[in-house]
$ cat work19.tsv   # TSV, C-alpha atoms and all ligand atoms
chain	number	residue	atom	x	y	z
A	8	MET	CA	-2.70	-28.19	-10.29
A	9	LYS	CA	-1.67	-24.60	-10.89
A	10	ASN	CA	1.21	-23.57	-8.66
A	11	TYR	CA	2.14	-19.97	-7.90
A	12	LYS	CA	5.60	-19.02	-6.67
A	13	ILE	CA	5.41	-16.34	-4.01
A	14	THR	CA	8.36	-14.56	-2.44
A	15	LEU	CA	7.67	-13.79	1.21
A	16	ILE	CA	9.50	-10.91	2.82
A	17	LYS	CA	8.53	-10.89	6.46
A	18	GLY	CA	10.90	-8.13	7.54
A	19	ASP	CA	10.94	-6.57	11.00
A	20	GLY	CA	8.63	-5.83	13.92
A	21	ILE	CA	5.16	-7.27	13.42
A	22	GLY	CA	6.07	-8.29	9.84
A	23	PRO	CA	6.58	-12.02	10.56
A	24	GLU	CA	3.33	-12.31	12.57
A	25	ILE	CA	1.12	-10.70	9.97
A	26	ILE	CA	2.69	-12.52	7.03
A	27	ASP	CA	2.10	-15.86	8.77
A	28	GLU	CA	-1.62	-15.07	8.91
A	29	ALA	CA	-1.75	-14.05	5.27
A	30	VAL	CA	-0.09	-17.36	4.34
A	31	LYS	CA	-2.66	-19.25	6.41
A	32	VAL	CA	-5.44	-17.50	4.50
A	33	LEU	CA	-3.77	-17.97	1.10
A	34	ASP	CA	-3.36	-21.70	1.71
A	35	ALA	CA	-6.98	-21.99	2.76
A	36	VAL	CA	-8.32	-20.21	-0.30
A	37	ALA	CA	-5.97	-22.13	-2.58
A	38	SER	CA	-7.11	-25.50	-1.32
A	39	SER	CA	-10.76	-24.57	-1.73
A	40	SER	CA	-10.16	-23.05	-5.18
A	41	GLY	CA	-7.96	-25.74	-6.73
A	42	PHE	CA	-4.53	-24.14	-6.93
A	43	HIS	CA	-1.38	-24.21	-4.85
A	44	PHE	CA	1.27	-21.86	-3.52
A	45	SER	CA	4.96	-22.44	-2.99
A	46	TYR	CA	6.73	-19.88	-0.86
A	47	ASP	CA	10.31	-18.74	-0.74
A	48	GLU	CA	11.42	-16.41	2.04
A	49	ALA	CA	13.79	-13.52	1.41
A	50	LEU	CA	15.43	-11.01	3.72
A	51	MET	CA	14.95	-7.28	3.83
A	52	GLY	CA	15.20	-4.47	6.35
A	53	GLY	CA	16.82	-4.55	9.77
A	54	ILE	CA	16.92	-8.34	9.93
A	55	ALA	CA	18.71	-8.43	6.58
A	56	TYR	CA	21.22	-5.88	7.83
A	57	ASP	CA	21.83	-7.89	11.01
A	58	ILE	CA	22.42	-11.12	9.09
A	59	THR	CA	24.15	-9.90	5.94
A	60	GLY	CA	25.25	-6.31	6.59
A	61	ASP	CA	22.96	-5.10	3.79
A	62	PRO	CA	19.27	-4.13	4.24
A	63	LEU	CA	18.61	-5.41	0.72
A	64	PRO	CA	20.73	-8.42	-0.26
A	65	GLN	CA	20.97	-9.05	-4.02
A	66	GLU	CA	19.44	-12.50	-3.47
A	67	THR	CA	16.19	-10.85	-2.39
A	68	ILE	CA	15.94	-8.97	-5.67
A	69	THR	CA	16.77	-12.08	-7.71
A	70	LYS	CA	14.27	-14.28	-5.87
A	71	SER	CA	11.56	-11.65	-6.17
A	72	LEU	CA	12.04	-11.18	-9.90
A	73	ASN	CA	11.83	-14.95	-10.37
A	74	SER	CA	8.52	-15.34	-8.63
A	75	ASP	CA	4.90	-14.63	-9.60
A	76	ALA	CA	4.44	-12.00	-6.88
A	77	VAL	CA	5.95	-10.68	-3.67
A	78	LEU	CA	4.12	-10.50	-0.37
A	79	PHE	CA	5.79	-8.12	2.00
A	80	GLY	CA	5.31	-7.44	5.73
A	81	SER	CA	7.07	-4.40	7.16
A	82	ILE	CA	10.55	-3.15	7.94
A	83	GLY	CA	12.30	-0.84	10.39
A	84	GLY	CA	12.71	-0.32	14.12
A	85	PRO	CA	14.47	1.96	16.60
A	86	GLN	CA	17.54	-0.28	16.86
A	87	TRP	CA	18.46	0.57	13.25
A	88	ASP	CA	17.67	4.30	13.34
A	89	ASP	CA	21.24	5.42	13.96
A	90	LEU	CA	22.83	3.53	11.08
A	91	PRO	CA	24.18	5.49	8.12
A	92	ARG	CA	21.29	6.22	5.77
A	93	GLU	CA	22.19	3.62	3.11
A	94	LYS	CA	22.26	0.84	5.73
A	95	ARG	CA	18.88	1.71	7.18
A	96	PRO	CA	15.93	-0.64	6.61
A	97	GLU	CA	13.97	2.10	4.80
A	98	SER	CA	16.78	2.50	2.27
A	99	GLY	CA	16.51	-1.21	1.53
A	100	LEU	CA	12.81	-0.85	0.82
A	101	LEU	CA	13.28	2.17	-1.43
A	102	ARG	CA	16.03	0.40	-3.41
A	103	PHE	CA	13.81	-2.66	-3.66
A	104	ARG	CA	10.94	-0.67	-5.16
A	105	LYS	CA	13.35	0.98	-7.59
A	106	GLU	CA	15.06	-2.29	-8.66
A	107	LEU	CA	11.70	-3.96	-9.25
A	108	GLY	CA	10.41	-0.92	-11.12
A	109	VAL	CA	7.15	-0.81	-9.15
A	110	TYR	CA	6.24	2.75	-10.02
A	111	ALA	CA	2.53	2.61	-9.22
A	112	ASN	CA	1.41	2.23	-5.63
A	113	LEU	CA	-2.31	1.55	-5.34
A	114	ARG	CA	-3.74	2.24	-1.91
A	115	PRO	CA	-7.48	1.71	-1.57
A	116	ALA	CA	-9.21	3.31	1.41
A	117	VAL	CA	-12.60	1.70	1.81
A	118	VAL	CA	-14.76	2.24	4.86
A	119	TYR	CA	-16.33	-1.00	6.06
A	120	ASP	CA	-19.90	-0.40	7.24
A	121	GLU	CA	-19.13	-2.77	10.10
A	122	LEU	CA	-16.51	-0.33	11.42
A	123	ILE	CA	-18.35	2.90	10.80
A	124	ASN	CA	-17.91	3.85	14.47
A	125	ALA	CA	-14.19	3.16	14.51
A	126	SER	CA	-13.16	6.31	12.68
A	127	SER	CA	-12.57	9.53	14.56
A	128	LEU	CA	-14.84	11.18	11.98
A	129	LYS	CA	-18.64	11.19	12.12
A	130	PRO	CA	-20.40	8.22	10.47
A	131	GLU	CA	-22.32	10.45	8.04
A	132	ILE	CA	-19.03	11.87	6.71
A	133	ILE	CA	-17.40	8.51	6.03
A	134	LYS	CA	-20.22	6.08	5.23
A	135	GLY	CA	-19.63	4.77	1.72
A	136	VAL	CA	-16.12	6.18	1.32
A	137	ASP	CA	-14.26	4.29	-1.41
A	138	ILE	CA	-11.06	6.01	-2.52
A	139	MET	CA	-8.13	4.71	-4.51
A	140	VAL	CA	-4.90	6.61	-3.92
A	141	VAL	CA	-2.58	6.12	-6.90
A	142	ARG	CA	0.85	7.12	-5.64
A	143	GLU	CA	3.96	7.41	-7.81
A	144	LEU	CA	6.50	5.26	-5.99
A	145	ILE	CA	9.97	5.39	-7.52
A	146	GLY	CA	10.52	9.05	-8.28
A	147	GLY	CA	10.04	12.47	-6.76
A	148	ILE	CA	11.80	13.76	-3.68
A	149	TYR	CA	12.51	10.27	-2.34
A	150	PHE	CA	14.98	9.66	-5.16
A	151	GLY	CA	15.87	13.06	-6.68
A	152	GLU	CA	19.44	14.30	-7.00
A	153	PRO	CA	21.19	16.23	-5.63
A	154	LYS	CA	20.65	15.17	-2.07
A	155	GLY	CA	22.88	15.25	0.94
A	156	ARG	CA	23.80	16.97	4.13
A	157	ASP	CA	26.68	18.62	5.87
A	158	GLU	CA	26.86	19.91	9.36
A	159	ASN	CA	24.58	22.90	8.83
A	160	LYS	CA	22.47	22.00	5.82
A	161	GLY	CA	20.44	19.13	4.44
A	162	TRP	CA	18.91	18.96	0.96
A	163	ASN	CA	16.72	16.79	-1.23
A	164	THR	CA	15.32	17.51	-4.67
A	165	MET	CA	11.88	16.84	-6.04
A	166	VAL	CA	12.31	15.80	-9.66
A	167	TYR	CA	9.81	14.29	-12.07
A	168	SER	CA	10.37	13.66	-15.74
A	169	ARG	CA	7.51	13.89	-18.19
A	170	GLU	CA	7.83	10.17	-18.85
A	171	GLU	CA	7.45	9.29	-15.16
A	172	ILE	CA	4.31	11.40	-14.88
A	173	VAL	CA	2.82	9.98	-18.08
A	174	ARG	CA	3.05	6.35	-16.97
A	175	ILE	CA	1.54	6.89	-13.53
A	176	ALA	CA	-1.20	9.08	-14.99
A	177	HIS	CA	-2.16	6.28	-17.41
A	178	GLN	CA	-2.46	3.90	-14.45
A	179	ALA	CA	-4.76	6.32	-12.64
A	180	PHE	CA	-7.02	6.87	-15.64
A	181	ARG	CA	-7.25	3.15	-16.42
A	182	ILE	CA	-8.16	2.40	-12.82
A	183	ALA	CA	-10.74	5.21	-12.82
A	184	GLN	CA	-12.37	3.70	-15.92
A	185	LYS	CA	-13.20	0.62	-13.83
A	186	ARG	CA	-14.54	2.76	-10.98
A	187	GLU	CA	-16.49	6.02	-10.90
A	188	LYS	CA	-14.43	7.58	-13.69
A	189	ARG	CA	-13.14	10.54	-11.70
A	190	VAL	CA	-9.47	11.41	-11.21
A	191	CYS	CA	-8.36	14.16	-8.87
A	192	SER	CA	-4.69	14.97	-9.43
A	193	ILE	CA	-2.94	16.37	-6.37
A	194	ASP	CA	0.02	18.74	-6.66
A	195	LYS	CA	1.49	22.00	-5.41
A	196	ALA	CA	1.54	23.77	-8.78
A	197	ASN	CA	1.06	27.18	-7.17
A	198	VAL	CA	4.59	26.91	-5.73
A	199	LEU	CA	6.60	24.10	-7.35
A	200	ASP	CA	7.79	23.92	-10.97
A	201	VAL	CA	7.88	20.15	-10.74
A	202	SER	CA	4.18	20.26	-9.85
A	203	GLN	CA	3.36	22.53	-12.80
A	204	LEU	CA	4.96	19.96	-15.11
A	205	TRP	CA	2.95	17.29	-13.28
A	206	ARG	CA	-0.30	19.17	-13.85
A	207	ASP	CA	0.38	20.02	-17.53
A	208	THR	CA	1.34	16.41	-18.25
A	209	VAL	CA	-1.70	14.92	-16.52
A	210	ILE	CA	-3.93	17.25	-18.58
A	211	GLU	CA	-2.30	15.93	-21.76
A	212	VAL	CA	-2.70	12.29	-20.78
A	213	ALA	CA	-6.34	12.94	-19.86
A	214	LYS	CA	-7.13	13.67	-23.51
A	215	GLU	CA	-6.85	9.93	-24.16
A	216	TYR	CA	-9.55	9.26	-21.57
A	217	PRO	CA	-12.51	11.47	-22.53
A	218	ASP	CA	-14.80	9.29	-20.40
A	219	VAL	CA	-12.89	10.17	-17.20
A	220	GLU	CA	-13.40	13.48	-15.41
A	221	LEU	CA	-10.16	15.16	-14.33
A	222	THR	CA	-9.89	17.73	-11.56
A	223	HIS	CA	-6.85	19.19	-9.80
A	224	MET	CA	-6.25	20.07	-6.18
A	225	TYR	CA	-3.35	21.54	-4.23
A	226	VAL	CA	-2.04	19.09	-1.69
A	227	ASP	CA	-2.77	21.27	1.34
A	228	ASN	CA	-6.38	21.65	0.27
A	229	ALA	CA	-6.58	17.91	-0.49
A	230	ALA	CA	-5.47	17.13	3.07
A	231	MET	CA	-8.30	19.32	4.31
A	232	GLN	CA	-10.91	18.00	1.86
A	233	LEU	CA	-10.11	14.41	2.84
A	234	VAL	CA	-11.45	14.98	6.32
A	235	LEU	CA	-14.09	17.54	5.34
A	236	ASN	CA	-15.79	15.57	2.59
A	237	PRO	CA	-13.94	12.38	1.64
A	238	LYS	CA	-16.81	11.08	-0.49
A	239	GLN	CA	-15.96	13.62	-3.20
A	240	PHE	CA	-12.91	11.49	-4.16
A	241	ASP	CA	-12.76	8.47	-6.44
A	242	VAL	CA	-9.15	8.16	-7.67
A	243	MET	CA	-6.52	10.46	-6.15
A	244	LEU	CA	-3.45	10.65	-8.39
A	245	THR	CA	-0.33	11.95	-6.76
A	246	GLY	CA	3.46	11.91	-6.46
A	247	ASN	CA	5.58	9.99	-4.01
A	248	ILE	CA	5.71	12.11	-0.86
A	249	PHE	CA	2.24	13.65	-1.16
A	250	GLY	CA	0.85	10.14	-1.65
A	251	ASP	CA	2.73	8.85	1.37
A	252	ILE	CA	1.15	11.51	3.56
A	253	LEU	CA	-2.35	11.45	2.08
A	254	SER	CA	-2.62	7.65	2.22
A	255	ASP	CA	-1.90	7.64	5.95
A	256	GLU	CA	-4.53	10.33	6.37
A	257	ALA	CA	-7.02	8.39	4.25
A	258	SER	CA	-6.44	5.31	6.39
A	259	MET	CA	-7.88	7.10	9.38
A	260	LEU	CA	-11.20	7.46	7.60
A	261	CYS	CA	-11.37	3.69	7.89
A	262	GLY	CA	-10.68	3.43	11.60
A	263	SER	CA	-7.32	1.72	11.78
A	264	ILE	CA	-4.21	1.77	9.68
A	265	GLY	CA	-4.15	-1.96	10.41
A	266	LEU	CA	-6.83	-2.47	7.76
A	267	LEU	CA	-5.34	-0.93	4.63
A	268	PRO	CA	-3.63	-2.98	1.93
A	269	SER	CA	-1.61	-1.86	-1.05
A	270	ALA	CA	-0.26	-3.07	-4.34
A	271	SER	CA	2.92	-1.75	-5.93
A	272	VAL	CA	3.05	-2.60	-9.60
A	273	GLY	CA	5.19	-1.97	-12.66
A	274	GLU	CA	6.18	-3.76	-15.84
A	275	LYS	CA	7.93	-6.70	-14.19
A	276	ILE	CA	6.31	-7.80	-10.94
A	277	GLY	CA	3.99	-6.68	-8.15
A	278	VAL	CA	4.70	-6.22	-4.46
A	279	TYR	CA	1.76	-6.54	-2.09
A	280	GLU	CA	2.06	-5.00	1.35
A	281	PRO	CA	0.07	-3.38	4.14
A	282	ILE	CA	0.45	0.40	4.23
A	283	HIS	CA	1.37	0.41	7.90
A	284	GLY	CA	4.84	0.09	9.35
A	285	SER	CA	6.54	-2.49	11.55
A	286	ALA	CA	4.98	-1.28	14.84
A	287	PRO	CA	7.98	-2.27	16.98
A	288	ASP	CA	6.10	-1.25	20.14
A	289	ILE	CA	3.67	-4.17	19.77
A	290	ALA	CA	5.88	-6.68	17.92
A	291	GLY	CA	5.95	-10.22	19.23
A	292	GLN	CA	2.86	-9.81	21.39
A	293	GLY	CA	0.40	-11.41	19.00
A	294	ILE	CA	-1.91	-8.40	19.03
A	295	ALA	CA	-1.23	-6.81	15.63
A	296	ASN	CA	-4.10	-6.58	13.17
A	297	PRO	CA	-3.33	-8.94	10.25
A	298	ILE	CA	-6.22	-7.70	8.09
A	299	ALA	CA	-4.20	-5.17	6.07
A	300	THR	CA	-1.81	-7.95	5.08
A	301	ILE	CA	-4.58	-10.44	4.36
A	302	ALA	CA	-6.28	-7.79	2.21
A	303	SER	CA	-2.93	-7.24	0.46
A	304	ALA	CA	-2.80	-10.96	-0.26
A	305	SER	CA	-6.25	-10.59	-1.77
A	306	MET	CA	-4.99	-7.78	-4.02
A	307	MET	CA	-2.18	-10.14	-5.03
A	308	LEU	CA	-4.70	-12.83	-5.99
A	309	ARG	CA	-6.71	-10.32	-7.99
A	310	TYR	CA	-4.05	-8.27	-9.75
A	311	ALA	CA	-0.96	-10.46	-9.97
A	312	LEU	CA	-2.50	-13.91	-10.38
A	313	GLY	CA	-5.87	-13.14	-11.95
A	314	GLU	CA	-7.60	-15.31	-9.31
A	315	VAL	CA	-10.53	-12.92	-9.03
A	316	GLU	CA	-12.96	-15.39	-7.49
A	317	ALA	CA	-10.47	-16.35	-4.79
A	318	ALA	CA	-9.82	-12.67	-4.08
A	319	ASP	CA	-13.56	-12.06	-3.72
A	320	LYS	CA	-13.77	-14.98	-1.29
A	321	VAL	CA	-11.00	-13.51	0.86
A	322	ASP	CA	-12.56	-10.04	0.82
A	323	ASN	CA	-15.93	-11.48	1.83
A	324	SER	CA	-14.33	-13.42	4.66
A	325	ILE	CA	-12.69	-10.24	5.96
A	326	LYS	CA	-16.09	-8.52	5.94
A	327	LYS	CA	-17.65	-11.49	7.68
A	328	VAL	CA	-15.10	-11.54	10.47
A	329	LEU	CA	-15.74	-7.83	11.04
A	330	SER	CA	-19.51	-8.09	10.86
A	331	GLU	CA	-19.46	-10.95	13.36
A	332	GLY	CA	-17.62	-8.70	15.78
A	333	TYR	CA	-14.17	-10.29	15.91
A	334	ARG	CA	-11.59	-7.56	16.46
A	335	THR	CA	-7.91	-7.16	17.23
A	336	GLY	CA	-6.96	-4.73	20.00
A	337	ASP	CA	-6.70	-1.68	17.73
A	338	LEU	CA	-10.44	-1.95	17.09
A	339	ALA	CA	-11.50	-3.38	20.43
A	340	GLN	CA	-13.66	-0.38	21.41
A	341	PHE	CA	-15.74	-0.57	18.25
A	342	ASP	CA	-18.65	-2.97	18.39
A	343	ALA	CA	-16.38	-5.85	19.35
A	344	LYS	CA	-18.04	-9.12	20.30
A	345	GLU	CA	-14.70	-10.74	20.92
A	346	VAL	CA	-11.17	-9.35	21.07
A	347	CYS	CA	-8.84	-11.73	19.27
A	348	SER	CA	-5.15	-12.26	18.80
A	349	THR	CA	-3.40	-11.86	15.47
A	350	SER	CA	-3.45	-15.58	14.81
A	351	GLU	CA	-7.06	-16.05	15.94
A	352	ILE	CA	-8.23	-13.49	13.36
A	353	GLY	CA	-6.18	-15.27	10.68
A	354	SER	CA	-7.61	-18.64	11.65
A	355	ILE	CA	-11.20	-17.43	11.67
A	356	ILE	CA	-10.81	-15.97	8.18
A	357	ALA	CA	-9.08	-19.14	6.97
A	358	ASN	CA	-11.86	-21.29	8.44
A	359	TYR	CA	-14.54	-19.39	6.55
A	360	LEU	CA	-12.62	-20.13	3.38
A	361	GLU	CA	-12.26	-23.83	4.04
A	362	ARG	CA	-15.95	-24.25	4.61
B	401	LIG	C1	5.14	3.64	3.13
B	401	LIG	C2	6.22	3.90	4.15
B	401	LIG	C3	7.57	4.02	3.43
B	401	LIG	C4	7.46	5.20	2.49
B	401	LIG	C5	8.80	4.12	4.34
B	401	LIG	C6	8.87	2.99	5.33
B	401	LIG	C7	10.06	4.22	3.54
B	401	LIG	O1	5.93	5.02	4.91
B	401	LIG	O2	5.23	2.63	2.40
B	401	LIG	O3	4.20	4.43	3.06
B	401	LIG	O4	7.68	6.34	2.92
B	401	LIG	O5	7.18	4.97	1.32
B	402	MG	MG	3.98	5.82	4.56

$ encode --input "work19.tsv" --output "C-alpha cells" --more "lines below"
Ligand code: IPM
Ligand code: MG
Amino acid sequence: MKNYKITLIKGDGIGPEIIDEAVKVLDAVASSSGFHFSYDEALMGGIAYDITGDPLPQETITKSLNSDAVLFGSIGGPQWDDLPREKRPESGLLRFRKELGVYANLRPAVVYDELINASSLKPEIIKGVDIMVVRELIGGIYFGEPKGRDENKGWNTMVYSREEIVRIAHQAFRIAQKREKRVCSIDKANVLDVSQLWRDTVIEVAKEYPDVELTHMYVDNAAMQLVLNPKQFDVMLTGNIFGDILSDEASMLCGSIGLLPSASVGEKIGVYEPIHGSAPDIAGQGIANPIATIASASMMLRYALGEVEAADKVDNSIKKVLSEGYRTGDLAQFDAKEVCSTSEIGSIIANYLER
C-alpha cells in the first residue's frame, strides 16, 4: 500500500485542535482510497520557543524536507509578543517559508452556495465568486534589507528581483490556464519603483501565455474592487504584503476566515495551511472551525500527492456538511441546523468519507 510521509506542525493556539481534525479526515479518506499516511510531528512557533528557545528548530526544517508534504496549523499568541523579533513565532514561520523555498502561496477564495448568507456582502455580489490569490511568499518587504529600528525610527525595504517576479508570474499564468484564463496583477506602480519592475516583468512573462488575459490594478483600487465586484477576478497575482492583506479581505467574501485553505509551494516541498491565525482567544475550547485546515489537507492531496480523487471526496464532504446545516460557532447564525464542536465537524466529514 502506498504510504505518504506527512510532517505535522500543530503550532500554537487552535493549531493542535484543527490539525487533529484534518488528520482524522485524512485517515478516513486514505482508508477508503487504498493508501496510508504516516505522520511525524515537528515544533514551530511559541511552543517551539518555550521548549527549545528557538521558534524554528533545525529539526523541523530537516523533518519537513524529508517528508512528502507539510500540514501546518497556526502559530503565535500574546504571551510571545514581547520577545525580541527573531524569537517571535512569526519569525519562525517566515524563516521556515524561506528555508523551504515555498515562494508561491495559493489562496483560493470560493463562496459556498450553502453559506451565501454568511458574508457581510449581499448574496448577488458574491454568488459564484471563485478567486485564486497567488501571493509571492518569500520576498518583498517581509524580507528586504535594510531593515531595523532605533529609538525614533523604524525601516523596512520592499525589494523584488526580476527573477523572483518571473517565477511567481509563471505560477499565476499556469494556474490561470486551468481556470478562466484571466490574471489581474496587483501593484502600486504609480508610486513604487519596485512595483514598476513588477509590472514590466509580468508583462514580459505574459508573452509566453497568449491564451491568458492580463490586466493590472493598483492595490488600493483592488481592495475596493474586491468588495464592489469580486466576480471580475479569476487569478489575482501579487507580492507578499499586498497578498497578505487582500487574501484576508477575500476571505470575508466567503463568510468566515475559518473556511479558507492555502498551499505554499516551491521547487522542493509544499506546506499546506489555513490562512487564519492561531486565534488564542478561543484556543482550547473546542469551538474553532476546522474546515480551513481540512480544505488545506485536500489541497495537499491534490497538489502534493496527486491524489485528485481523494481530494475531490474531501471537498464534496465539506460541501455536504455545510449543506446539511452543520456549523461551528463562527457560522452559527447562518442557516445552521446544528451548532457543532471542532471535533464533531471533523468526525462528520470523516464519516461521510468512510461510507
Ligand atoms: C499569513 C499570516 C502570516 C503572514 C504571519 C503570521 C507572519 O498573516 O500567513 O497570512 O503575514 O504571512
Ligand atoms: Mg495574513

$ closest_residue --input "work19.tsv" --among "A:Ser74, A:Ser126, A:Asn247, A:Gln292" --to "A:Thr349" --atoms "all atoms listed in the file"
A:Gln292

$ residues_near_point --input "work19.tsv" --point "(6.2, 18.4, -13.5)" --cutoff "10 Å" --atoms "only C-alpha atoms" --output "number ranges by chain"
A: 147, 165-172, 194, 196, 199-209, 246

$ closest_residue --input "work19.tsv" --among "A:Lys9, A:Arg174, A:His223, A:Lys238" --to "A:Gly273" --atoms "all atoms listed in the file"
A:Arg174

$ closest_residue --input "work19.tsv" --among "A:Gly293, A:Gly99, A:Gly262, A:Gly353" --to "A:Val321" --atoms "all atoms listed in the file"
A:Gly353

$ residues_near_ligand --input "work19.tsv" --ligand "ligand LIG 401 (chain B)" --cutoff "8 Å" --atoms "only C-alpha atoms and all ligand atoms" --output "list in words"
Ser81, Ile82, Gly83, Glu97, Ser98, Leu100, Leu101, Leu144, Asn247, Ile248, Asp251, Ile252, Ser254, Asp255, Ile282, His283 and Gly284 of chain A

$ atom_distance --input "work19.tsv" --atom1 "atom CA of A:Tyr216" --atom2 "atom CA of A:Lys185"
12.2 Å

$ atom_distance --input "work19.tsv" --atom1 "atom CA of A:Ser258" --atom2 "atom CA of A:Asn112"
14.7 Å

$ closest_residue --input "work19.tsv" --among "A:Ser269, A:Gln239, A:Asn197, A:Asn228" --to "ligand MG 402 (chain B)" --atoms "all atoms listed in the file"
A:Ser269

$ residues_near_point --input "work19.tsv" --point "(-18.3, 16.4, 5.7)" --cutoff "12 Å" --atoms "all atoms listed in the file" --output "list in words"
Leu128, Lys129, Pro130, Glu131, Ile132, Ile133, Lys134, Val136, Met231, Gln232, Leu233, Val234, Leu235, Asn236, Pro237, Lys238, Gln239 and Leu260 of chain A

$ residues_around --input "work19.tsv" --residues "A:Tyr46" --least-positions-apart "6" --cutoff "7 Å" --atoms "all atoms listed in the file" --output "PyMOL selection string"
chain A and resi 12-15

$ write_last_selection --input "work19.tsv" --atoms "C-alpha atoms" --output "compact mmCIF listing (two decimals), in the frame of the given file"
# COMPACT_ATOMS: atom_id res chain seq x y z
CA LYS A 12 5.60 -19.02 -6.67
CA ILE A 13 5.41 -16.34 -4.01
CA THR A 14 8.36 -14.56 -2.44
CA LEU A 15 7.67 -13.79 1.21

$ residues_around --input "work19.tsv" --residues "A:Glu66" --least-positions-apart "5" --cutoff "10 Å" --atoms "all atoms listed in the file" --output "list in words"
Ala49, Leu50, Ser71 and Leu72 of chain A

$ closest_residue --input "work19.tsv" --among "A:Asp322, A:Glu143, A:Asp120, A:Glu24" --to "A:Ala270" --atoms "all atoms listed in the file"
A:Glu143

$ closest_residue --input "work19.tsv" --among "A:Asp288, A:Leu338, A:Gly250, A:Leu360" --to "ligand MG 402 (chain B)" --atoms "all atoms listed in the file"
A:Gly250

$ atom_distance --input "work19.tsv" --atom1 "atom CA of A:Ser40" --atom2 "atom CA of A:Glu316"
8.5 Å

$ residues_around --input "work19.tsv" --residues "A:Val190" --least-positions-apart "3" --cutoff "8 Å" --atoms "all atoms listed in the file" --output "VMD selection string"
chain A and resid 179 to 180 183 219 to 222 240 to 244

$ write_last_selection --input "work19.tsv" --atoms "C-alpha atoms" --output "mmCIF file, keeping the file's coordinate frame"
data_model
loop_
_atom_site.group_PDB
_atom_site.id
_atom_site.type_symbol
_atom_site.label_atom_id
_atom_site.label_comp_id
_atom_site.auth_asym_id
_atom_site.auth_seq_id
_atom_site.Cartn_x
_atom_site.Cartn_y
_atom_site.Cartn_z
ATOM 1 C CA ALA A 179 -4.760 6.320 -12.640
ATOM 2 C CA PHE A 180 -7.020 6.870 -15.640
ATOM 3 C CA ALA A 183 -10.740 5.210 -12.820
ATOM 4 C CA VAL A 219 -12.890 10.170 -17.200
ATOM 5 C CA GLU A 220 -13.400 13.480 -15.410
ATOM 6 C CA LEU A 221 -10.160 15.160 -14.330
ATOM 7 C CA THR A 222 -9.890 17.730 -11.560
ATOM 8 C CA PHE A 240 -12.910 11.490 -4.160
ATOM 9 C CA ASP A 241 -12.760 8.470 -6.440
ATOM 10 C CA VAL A 242 -9.150 8.160 -7.670
ATOM 11 C CA MET A 243 -6.520 10.460 -6.150
ATOM 12 C CA LEU A 244 -3.450 10.650 -8.390
#

$ axis_aligned_box --input "work19.tsv" --around "stretch 78-88 of chain A" --padding-each-side "5 Å" --output "JSON"
{"center_x": 11.3, "center_y": -3.1, "center_z": 8.2, "size_x": 24.3, "size_y": 24.8, "size_z": 27.2}
